[in-house]
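These notes concern the structure reproduced below.
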Amino acid sequence: MVDLPSSDDALFATLAGVTGVAGNFALTGYSRSFVVAPIDALVVRLTPGALVAFVIETVGEAGHLLHIALSFCLAIGLFAGISLVGMGVARRADSALAGGLAGVLSWAAATGMTGAPVLSLGAGVPVAVATVLSRHDRSPESHDPTRRRVLGSLAAATGFVGISAGAGTVLEPEEQLDDAPGTADVQQRLDDVAARELDVASDDLPGLVSRIGEFYNVDIAEFEPEIAAEEWSLTFTGEVADDDLTIEYADLQEMPVENRLVTLRCVGEELNGRKLDTAVWTGTPIEPLLDEVDPDSECGCVVLRGEDGYFVEYPVEVLESGFLAWGMNGKELPAQHGHPVRVLIPGHWGETNVKWLTEIELLAEEMDGYWERRGWEGTGTVKSVAKLWDEGITTLDDGRIELAGHAYAGTRGVGRVEVSTDGGDTWSDAALSEPLPDEDVWRQWRYTFQPDGSHEVVVRTVDAGGNVQVSEASDSFPTGASGWVRRTVEA
Ligand SMILES: Nc1nc2c(c(=O)[nH]1)N[C@H]1C(S)=C(S)[C@@H](COP(=O)(O)O)O[C@H]1N2
Ligand SMILES: [Mo]
């Protein structure tokens with residue numbers, strides 16, 4: 001006869017599941033070795049595009065939370081299921097054997113999915129302990145068996161998770177980025193940039209180069225790919241004149257090195273949002289490699305693919321001006337920005353800059369990229385924008401108000417920033433930071449005025465060609481936010 005699990009068993013199995021996930025997390029942290037990572041990758045892969053598009057439109061960024069929550073539940077369910085199997089066995093054998101079985105199975109499942117046997121002990125041990133404890137106190141004379149079992153399991157799990165967390169910190173110290181090859185000149189570049197920054201009253205206004213930890217981040221997957229430089233390669237495939245061309249990290253280092261300042265802006269950001277940043281990138285132009293493969297593409301188009309399953313299509317012509325980067329602000333490209341190599345395309349929206357780049361396929365006909373399948377149109381020329389940051393608004397000692405922010409106009413270049421303090425009736429020019437030496441970069445702006453009560457401040461940029469930032473307001477979906485940033489500023 002088959003015993004169905006009792007509701008008590010289900011409770012303890014869930015508890016075992018939670019402690020398994022928690023114990024695993026304590027050892028691995030939020031990394032690729034955490035069991036939730038491969039489960040989440042699967043969830044992302046299996047979710048239909050139409051559903052993703054719907055979620056992005058209805059709940060926006062919170063959609064990320066939805067799939068990660070689902071992945072956590074699945075991970076808990078997995079260990080809970082294993083624990084239930086253990087409890088089933090314990091009905092016939094002793095609980096130590098059952099716990100051991102559940103522990104080994106959980107460890108094996110976690111190791112199988114993450115390839116990290118030591119860190120997976122963080123999952124196996126607590127599931128084993130929780131399963132063993134769930135069988136204690138079945139004796140008729142124990143007064144409140146359920147309660148004691150819960151307390152016992154919780155205490156054991158908490159202790160274990162605490163110990164693991166300590167061990168995890170020792171095993172995985174804070175990531176230290178090495179200097180990237182070819183970055184000897186970067187410090188000089190950074191000093192040169194710093195000398196061009198505006199003098200502002202606010203201490204917190206971001207500079208002209210964004211710090212690595214502060215640079216915005218947009219990823220389709222919750223957990224970034226981990227690729228060692230020695231294992232990385234990039235292959236040109238599809239409509240090429242002769243054979244596919246594969247290049248490795250070491251080959252890239254043989255090519256001419258450049259340090260370029262490039263600003264990125266995500267099409268998904270709000271008008272006064274923060275998905276706009278600039279770094280000094282170290283890498284090499286892509287054109288010589290394209291010349292070598294001699295594209296023979298009828299549509300003149302290409303799809304770039306990243307290791308995380310991301311892909312984006314645009315004209316070969318656009319790619320020709322691109323840059324393969326392996327360094328960021330003098331350090332090797334960090335995991336979250338595409339380690340070891342990403343592409344950087346001047347003047348286009350952020351999504352064209354594929355991270356963890358592994359394949360460039362020359363196409364015979366056009367196709368939609370990852371975001372285009374989800375309704376976005378974000379591969380084209382980036383829109384101009386002037387931002388007014390919270391920390392850019394300062395009341396000076398003499399009572400005047402200083403306003404400051406950044407403006408960006410892609411490769412058109414920022415020509416002016418204009419500020420209105422009367423809702424857009426009259427406009428004045430803001431002071432600008434010295435232009436940076438590269439073609440696809442932002443500028444800082446500053447404007448000071450004598451307030452008189454409440455002001456409706458409006459800011460807009462005019463590119464170097466004289467084109468005023470589009471005034472008509474639109475949401476970011478599907479072609480990027482437009483309109484002018486407006487804020488009420490009180491004296
Ligand atoms: N492989 C890969 N490349 C990618 C993405 C991604 O999810 N995966 N996101 C794109 C988007 S939408 C943007 S805005 C930029 C963000 O780059 P960052 O995370 O370095 O700021 O990377 C682009 N390249
Ligand atoms: Mo983006």
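Going through the structure tokens in order, the chains are called A, B, and so on, while each chain numbers its residues from 1 and the ligands are numbered from 1 in the order shown.
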
Worksheet item: Residues within 9 Å of ligand 2 (only C-alpha atoms and all ligand atoms), as a PyMOL selection string?
Response: chain A and resi 217-219+264-269+275+349-353+371+378

Written selection (N, CA and C atoms) as a tab-separated table (two decimals), in the first residue's frame:
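Result saved to result15.tsv:
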```tsv
chain	number	residue	atom	x	y	z
A	217	ASN	N	22.54	48.65	-15.21
A	217	ASN	CA	22.66	47.27	-15.63
A	217	ASN	C	21.30	46.79	-16.15
A	218	VAL	N	21.26	46.26	-17.37
A	218	VAL	CA	20.03	45.66	-17.89
A	218	VAL	C	20.36	44.28	-18.42
A	219	ASP	N	19.80	43.25	-17.82
A	219	ASP	CA	20.04	41.87	-18.23
A	219	ASP	C	18.72	41.15	-18.40
A	264	LEU	N	26.11	54.92	-22.64
A	264	LEU	CA	25.02	54.00	-23.00
A	264	LEU	C	23.72	54.51	-22.40
A	265	ARG	N	22.63	54.35	-23.16
A	265	ARG	CA	21.30	54.69	-22.64
A	265	ARG	C	20.32	53.60	-23.06
A	266	CYS	N	19.56	53.10	-22.09
A	266	CYS	CA	18.59	52.04	-22.38
A	266	CYS	C	17.28	52.63	-22.88
A	267	VAL	N	16.73	52.02	-23.92
A	267	VAL	CA	15.47	52.46	-24.50
A	267	VAL	C	14.32	52.32	-23.48
A	268	GLY	N	14.52	51.43	-22.48
A	268	GLY	CA	13.46	51.18	-21.51
A	268	GLY	C	13.43	52.17	-20.36
A	269	GLU	N	14.36	53.12	-20.32
A	269	GLU	CA	14.40	54.01	-19.14
A	269	GLU	C	13.34	55.10	-19.22
A	275	LYS	N	19.07	55.04	-16.45
A	275	LYS	CA	19.76	54.03	-17.26
A	275	LYS	C	20.55	54.74	-18.35
A	349	TRP	N	20.77	52.86	-29.28
A	349	TRP	CA	20.25	52.52	-27.96
A	349	TRP	C	21.08	51.41	-27.31
A	350	GLY	N	20.99	51.34	-26.00
A	350	GLY	CA	21.78	50.39	-25.22
A	350	GLY	C	21.69	48.95	-25.69
A	351	GLU	N	20.52	48.53	-26.15
A	351	GLU	CA	20.33	47.11	-26.46
A	351	GLU	C	21.20	46.60	-27.59
A	352	THR	N	21.78	47.50	-28.40
A	352	THR	CA	22.65	47.04	-29.49
A	352	THR	C	24.01	46.56	-28.98
A	353	ASN	N	24.32	46.88	-27.71
A	353	ASN	CA	25.65	46.62	-27.16
A	353	ASN	C	25.72	45.26	-26.46
A	371	TRP	N	14.36	41.91	-28.02
A	371	TRP	CA	13.42	42.95	-27.58
A	371	TRP	C	12.37	43.25	-28.65
A	378	GLY	N	14.17	49.27	-30.34
A	378	GLY	CA	15.27	49.97	-29.67
A	378	GLY	C	16.64	49.77	-30.26
```

Worksheet entry | All residues having an atom within 10 Å of ligand 1 (only C-alpha atoms and all ligand atoms) as an MDAnalysis selection string | chainID A and resid 212 214:222 224:225 263:269 275:279 304:312 328 333:339 342:344 349:358 370:371 378:379

Within 12 Å of region 456-473 of chain A: each region 193-284 of chain A residue with its shortest pair, only C-alpha atoms, as JSON lines:
```
{"residue": "A:Glu270", "atom": "CA", "partner": "A:Ala473", "partner_atom": "CA", "distance": 11.0}
{"residue": "A:Leu271", "atom": "CA", "partner": "A:Ala473", "partner_atom": "CA", "distance": 8.9}
{"residue": "A:Asn272", "atom": "CA", "partner": "A:Val459", "partner_atom": "CA", "distance": 10.6}
```

Worksheet, complete the sentence: The distance between CA of Asp9 (chain A) and CA of Ala26 (chain A) is 25.1 Å

Worksheet entry | Residue neighbourhood Thr235 (chain A), 7 Å, only C-alpha atoms, exclusion window fewer than 5 positions, as a ChimeraX atom specification | /A:244-247,358-360

Worksheet item: With distances taken over only C-alpha atoms, which of A:His348, A:Lys387, A:Leu78, A:Gly375 is nearest to Ser476 (chain A)?
Response: A:Gly375

Response to the item:
If you count only C-alpha atoms, the residue of A:Val129, A:Val280, A:Leu66, A:Val21 closest to Leu190 (chain A) turns out to be A:Val280

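Nearest to Gly112 (chain A) of all the residues A:Val35, A:Gly207, A:Leu84, A:Gly152 is A:Val35, counting only C-alpha atoms.
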
Worksheet entry | All strand (DSSP E) positions in region 332-469 of chain A, as a VMD selection string | chain A and resid 332 342 to 344 357 to 362 385 to 386 394 to 395 401 to 408 414 to 420 428 to 429 431 to 432 443 to 449 454 to 463

Discussion item. Quick one: residues within 9 Å of Ile286 (chain A), only C-alpha atoms, excluding same-chain residues fewer than 5 positions away - as a ChimeraX atom specification?
Written reply: /A:291,319-324,343
